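Let me begin by presenting the structure, written as structure tokens, before commenting on it.
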Amino acid sequence: YRPWVCFHDTHCFWFYYLCPMNELKLELWYPVKDLLVTQGFGENRVPYYKQMGLLGHNGIDMLARTGQPVRAAHDGEVTFAGEDGQAGLGVVLRTLEGFDYKGQLVYFKSIYWHLDKGSIKVVPGQKVKVGDILGGADTTGLATSCHLHFGIKPILQGEQAWLWDNVAQSNGYHGAIDPSPYFNGFFAEDSAQVVSKLSALIALLKQALALFRK
């Protein structure tokens, strides 16, 4: 068991109950500020998704200004930073610990595509915290307007230490799953302020519990 924090919405917290390790849920922060989703997960507005062997869009497109900071949606390690064909320039992060996915303890990787040339600020192997800037938004790769393509995939380590396999590779989205249920409702840019307020709230709660027990 470990303490678990659940962000209910942008105005209030439901927190502090004990949660078994196998029920620990990945928590994501919005990687760009002023969120506007232009294409959701599973949508298929253009035919080339089918040509790529996808049932539909395998991520979430978030409208962004050219050069707008794109931030880490969770703590993690950079596993890729560079160019990837149709996806353009991007960054991939892997979580540092396991989380529950359909009753199985897995790791997750988050994907950030269409970043601006020369804007990437991280390198493979680097550890990052939620809110750290990864790069700037742009239109590199197959993108018709400036936006961030964000996706997540549950993964497990393979037989070799450097190999990681997609848990849901055959799901029709090349292993990607809908990130929407994992967002906590807060922007990564504001993570330091949110955590500070939460810490103060927890300290008050501990004081109240101590007085109650006397």
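Identifiers for the structure tokens are assigned positionally: chains receive A, B, ... in sequence, residues are indexed from 1 per chain, and ligands are indexed from 1 in the order shown.
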For Val70 in chain A, work out the shell of residues within 8 Å, counting only C-alpha atoms and skipping chain neighbours fewer than 4 positions away, then give it as a PyMOL selection string. chain A and resi 31-32+133-137+148
Can you list every residue in range 40-171 of chain A that DSSP puts in strand (DSSP E), as an NGL selection string? :A and (60-63 or 69-71 or 76-83 or 89-94 or 99-101 or 104-115 or 127-128 or 133-136 or 147-157 or 164-166)
Between A:Ile111, A:Leu105, A:Val130, A:Leu36, single out the one closest to Ala192 in chain A, counting only C-alpha atoms. A:Val130
Using DSSP on the backbone coordinates, identify the residues of chain A assigned to helix (DSSP H, G or I); present them as a ChimeraX atom specification. /A:21-23,48-51,85-87,180-182,188-213
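The two atoms in question, CA of Gln51 in chain A and CA of Gly158 in chain A, are spaced 28.5 Å apart.
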Taking 6 positions as the minimum chain separation for residues in the same chain, which residues sit within 12 Å of Trp162 in chain A when counting only C-alpha atoms? Answer as JSON, numbers by chain. {"A": [79, 125, 156]}
Which residues come within 10 Å of Leu55 in chain A, counting only C-alpha atoms, excluding same-chain residues fewer than 3 positions away, as an mmCIF file with C-alpha atoms, in the first residue's frame?
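Just written: result_2.cif:
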```
data_model
loop_
_atom_site.group_PDB
_atom_site.id
_atom_site.type_symbol
_atom_site.label_atom_id
_atom_site.label_comp_id
_atom_site.auth_asym_id
_atom_site.auth_seq_id
_atom_site.Cartn_x
_atom_site.Cartn_y
_atom_site.Cartn_z
ATOM 1 C CA GLY A 42 -9.738 7.038 -32.617
ATOM 2 C CA GLU A 43 -10.984 9.711 -35.008
ATOM 3 C CA ASN A 44 -10.274 9.116 -38.673
ATOM 4 C CA TYR A 49 -4.526 6.378 -41.172
ATOM 5 C CA LYS A 50 -5.971 3.305 -42.859
ATOM 6 C CA GLN A 51 -3.003 3.276 -45.228
ATOM 7 C CA MET A 52 -0.764 3.158 -42.159
ATOM 8 C CA ASN A 58 -3.629 6.954 -32.435
ATOM 9 C CA ASN A 171 -5.217 -3.199 -30.844
ATOM 10 C CA GLY A 172 -5.433 -1.445 -34.219
ATOM 11 C CA TYR A 173 -3.533 1.639 -33.036
ATOM 12 C CA HIS A 174 0.021 0.219 -33.020
#
```
Do you know which residues are at most 10 Å from Trp113 in chain A counting only C-alpha atoms, after dropping those on the same chain fewer than 4 positions away, and could you put them as a list in words? Asp61, Val70, Ala81, Gly82, Glu83, Asp84, Gln86, Ala87, Gly88, Leu89, Gly90, Val91, Val92, Gly135, Ala137, Asp138, Thr139, Thr140, Gly141, Leu142, Ala143, His147, Leu148, His149, Phe150 and Gly151 of chain A
N, CA, C and O atoms of the current selection, written as a compact mmCIF listing (two decimals), in the first residue's frame:
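As written to disk, again-v9.txt reads:
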```
# COMPACT_ATOMS: atom_id res chain seq x y z
N ASP A 61 -4.47 15.31 -30.78
CA ASP A 61 -3.85 16.52 -31.33
C ASP A 61 -4.29 17.72 -30.51
O ASP A 61 -5.49 17.96 -30.33
N VAL A 70 6.37 22.72 -25.09
CA VAL A 70 5.75 21.42 -24.88
C VAL A 70 6.45 20.79 -23.68
O VAL A 70 7.68 20.65 -23.66
N ALA A 81 14.82 11.26 -28.80
CA ALA A 81 14.71 12.69 -29.06
C ALA A 81 15.33 12.93 -30.43
O ALA A 81 16.55 12.83 -30.59
N GLY A 82 14.48 13.20 -31.41
CA GLY A 82 15.00 13.38 -32.75
C GLY A 82 13.90 13.32 -33.79
O GLY A 82 12.75 13.66 -33.52
N GLU A 83 14.26 12.85 -34.99
CA GLU A 83 13.32 12.83 -36.11
C GLU A 83 12.81 11.42 -36.36
O GLU A 83 13.57 10.45 -36.28
N ASP A 84 11.53 11.30 -36.69
CA ASP A 84 10.92 9.99 -36.93
C ASP A 84 9.97 10.08 -38.12
O ASP A 84 8.76 9.97 -37.98
N GLN A 86 7.35 10.45 -40.76
CA GLN A 86 6.09 11.17 -40.89
C GLN A 86 5.71 11.92 -39.62
O GLN A 86 4.98 12.91 -39.68
N ALA A 87 6.19 11.48 -38.49
CA ALA A 87 5.87 12.14 -37.22
C ALA A 87 6.68 13.41 -37.02
O ALA A 87 6.38 14.21 -36.13
N GLY A 88 7.71 13.61 -37.83
CA GLY A 88 8.56 14.78 -37.69
C GLY A 88 9.48 14.67 -36.49
O GLY A 88 9.91 13.58 -36.12
N LEU A 89 9.79 15.80 -35.90
CA LEU A 89 10.67 15.82 -34.73
C LEU A 89 9.85 15.57 -33.47
O LEU A 89 8.73 16.07 -33.33
N GLY A 90 10.44 14.81 -32.55
CA GLY A 90 9.68 14.50 -31.35
C GLY A 90 10.52 13.93 -30.23
O GLY A 90 11.73 13.74 -30.36
N VAL A 91 9.83 13.68 -29.14
CA VAL A 91 10.45 13.14 -27.92
C VAL A 91 9.57 12.02 -27.40
O VAL A 91 8.34 12.09 -27.49
N VAL A 92 10.20 10.99 -26.86
CA VAL A 92 9.48 9.89 -26.20
C VAL A 92 10.01 9.75 -24.78
O VAL A 92 11.23 9.73 -24.56
N GLY A 135 10.52 20.69 -25.72
CA GLY A 135 10.77 21.36 -26.99
C GLY A 135 9.66 22.34 -27.28
O GLY A 135 8.85 22.66 -26.40
N ALA A 137 6.42 23.53 -30.03
CA ALA A 137 5.47 23.00 -31.00
C ALA A 137 5.74 23.56 -32.40
O ALA A 137 6.25 24.67 -32.55
N ASP A 138 5.37 22.77 -33.42
CA ASP A 138 5.55 23.22 -34.80
C ASP A 138 4.75 22.31 -35.74
O ASP A 138 3.78 21.68 -35.30
N THR A 139 5.20 22.22 -36.98
CA THR A 139 4.47 21.44 -37.99
C THR A 139 5.37 20.42 -38.68
O THR A 139 5.08 19.99 -39.80
N THR A 140 6.48 20.00 -38.05
CA THR A 140 7.37 19.05 -38.70
C THR A 140 6.65 17.71 -38.91
O THR A 140 5.77 17.34 -38.16
N GLY A 141 7.05 17.01 -39.97
CA GLY A 141 6.38 15.77 -40.33
C GLY A 141 5.09 16.05 -41.08
O GLY A 141 4.91 17.10 -41.69
N LEU A 142 4.16 15.10 -41.03
CA LEU A 142 2.88 15.25 -41.70
C LEU A 142 1.92 16.01 -40.79
O LEU A 142 1.16 15.41 -40.03
N ALA A 143 1.97 17.31 -40.87
CA ALA A 143 1.09 18.17 -40.06
C ALA A 143 0.63 19.34 -40.92
O ALA A 143 1.44 20.00 -41.57
N HIS A 147 0.55 22.05 -34.13
CA HIS A 147 -0.10 21.35 -33.03
C HIS A 147 0.86 20.33 -32.44
O HIS A 147 1.91 20.04 -33.01
N LEU A 148 0.49 19.81 -31.29
CA LEU A 148 1.22 18.71 -30.67
C LEU A 148 0.42 17.43 -30.82
O LEU A 148 -0.76 17.39 -30.48
N HIS A 149 1.05 16.40 -31.36
CA HIS A 149 0.45 15.06 -31.33
C HIS A 149 0.97 14.38 -30.08
O HIS A 149 2.18 14.17 -29.92
N PHE A 150 0.06 14.03 -29.18
CA PHE A 150 0.43 13.40 -27.91
C PHE A 150 -0.19 12.02 -27.84
O PHE A 150 -1.38 11.84 -28.15
N GLY A 151 0.59 11.04 -27.43
CA GLY A 151 0.07 9.69 -27.29
C GLY A 151 0.74 8.94 -26.16
O GLY A 151 1.81 9.35 -25.67
```
